[in-house]
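Here the structure comes first, spelled out in structure tokens, and everything after it is commentary.
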Amino acid sequence: MGAAYHARMVYVALLRGINVGGKAMVPMADLRETCASMGCEDVVTYIQSGNVVLRSPLRADKLQAALGAAIGERFGFEPAVMIRTAEEMAAVVARNPHPGADEKHLHVGFLHAAPDAATERCLGTIDCAPEQVAVVGRELYLHLPNGIGRAALPVKMERCLRPTPVTVRNWRTVTKLVELTNG
């Protein structure tokens with residue numbers, strides 16, 4: 001096997017912007033089939049927003065590129081795909097900088113790479129109190145005490161991140177995905 005391959009790893013693939021507002025529609029059965037056609041095994045999707053748990057022999061970077069391309073070929077658009085190993089997802093939960101917060105008000109933004117210094121400075125200047133963002137590696141932890149629907153932080157955060165894609169999941173989804181990686 002080439003350098004792109006290793007033992008079958010458990011990954012979580014997080015797709016950005018699918019099945020939102022009637023755009024970029026991807027039926028989960030078709031997404032599972034697309035993953036299986038790439039040689040992935042034990043493919044499970046969770047809810048309709050592009051959360052996939054699977055096993056693959058590909059390294060994370062190769063899986064990210066291959067999955068994006070396969071979706072593009074099959075559905076006519078290529079969403080941003082963030083890949084995390086099962087261990088990385090467990091670490092996302094363990095590193096929660098808001099451990100006492102109501103879980104209904106916690107969200108995690110997943111990035112391809114950790115933000116650079118300029119992006120971190122920009123994020124650090126956002127003042128939307130009581131809303132908070134904490135950067136931990138490739139994740140942005142959002143505490144939104146008044147809910148995400150009326151939150152100003154995500155909009156201001158996107159300005160700092162442009163053109164870097166981010167996909168956000170609520171805490172319940174994050175913890176469920178970790179649970180699914182152990183299944």
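Here, A, B, ... name the chains of the structure tokens in the order displayed, residue numbers run from 1 inside each chain, and ligands are numbered from 1 in the same displayed order.
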Using only C-alpha atoms, find each residue of segment 41-104 of chain A with at least one atom at most 10 Å away from an atom of segment 156-165 of chain A; report its shortest atom-to-atom pair and that distance in Å (one decimal), sort the rows by chain and rising residue number, and return the result as JSON lines.
{"residue": "A:Pro79", "atom": "CA", "partner": "A:Pro165", "partner_atom": "CA", "distance": 9.6}
{"residue": "A:Ala80", "atom": "CA", "partner": "A:Pro165", "partner_atom": "CA", "distance": 6.7}
{"residue": "A:Val81", "atom": "CA", "partner": "A:Pro165", "partner_atom": "CA", "distance": 9.0}
{"residue": "A:Met82", "atom": "CA", "partner": "A:Pro165", "partner_atom": "CA", "distance": 9.1}
Hey, can you spit out that residue selection with N, CA and C atoms as an mmCIF file, in the first residue's frame?
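Output (selection13.cif):
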data_model
loop_
_atom_site.group_PDB
_atom_site.id
_atom_site.type_symbol
_atom_site.label_atom_id
_atom_site.label_comp_id
_atom_site.auth_asym_id
_atom_site.auth_seq_id
_atom_site.Cartn_x
_atom_site.Cartn_y
_atom_site.Cartn_z
ATOM 1 N N PRO A 79 -18.905 20.299 -1.192
ATOM 2 C CA PRO A 79 -18.921 21.004 0.094
ATOM 3 C C PRO A 79 -17.553 20.942 0.772
ATOM 4 N N ALA A 80 -17.309 21.883 1.659
ATOM 5 C CA ALA A 80 -16.123 21.771 2.513
ATOM 6 C C ALA A 80 -16.343 20.572 3.426
ATOM 7 N N VAL A 81 -15.307 19.775 3.599
ATOM 8 C CA VAL A 81 -15.383 18.571 4.431
ATOM 9 C C VAL A 81 -14.301 18.670 5.501
ATOM 10 N N MET A 82 -14.708 18.609 6.754
ATOM 11 C CA MET A 82 -13.759 18.588 7.864
ATOM 12 C C MET A 82 -13.709 17.151 8.371
#
Distance query Glu88 of chain A at most 10 Å, only C-alpha atoms, self and fewer than 4 positions along chain excluded, as JSON, numbers by chain
{"A": [11, 12, 83, 84, 92, 93, 94, 178]}
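For the residues A:Ile71, A:Val168, A:Val43, A:Val10, ranking by smallest atom-to-atom distance to Val26 of chain A using only C-alpha atoms places A:Ile71 first.
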Strand (DSSP E or B) residues, from DSSP on the backbone, in chain A, as a VMD selection string
chain A and resid 5 to 15 20 23 41 to 46 51 to 58 81 to 85 106 to 111 128 131 to 136 139 to 143 166 to 170
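For segment 35-42 of chain A, the residues within 8 Å (counting only C-alpha atoms, excluding itself and residues fewer than 6 positions away along the chain) are Val53, Leu54, Arg55, Ser56, Pro57, Ala66, Leu67 and Ala70 of chain A.
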Polymer residues at most 12 Å from segment 14-24 of chain A, only C-alpha atoms, same-chain spacing of 3 or more positions, as JSON, numbers by chain:
{"A": [11, 27, 28, 31, 45, 46, 47, 48, 49, 50, 51, 52, 53, 54, 63, 64, 67, 68, 71, 72, 74, 75, 76, 77, 78, 79, 80, 81, 82, 83, 84, 85, 89, 108, 109, 110, 111, 112, 164, 165, 166, 167, 168, 169, 173, 174, 177]}
May I have the residues within 9 Å of Gly137 of chain A as number ranges by chain, using only C-alpha atoms and disregarding those fewer than 3 positions away in the same chain?
A: 113-115, 140
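Proximity of A:Arg121, A:His105, A:His98, A:Arg59 to Arg150 of chain A, computed with only C-alpha atoms, is greatest for A:His105.
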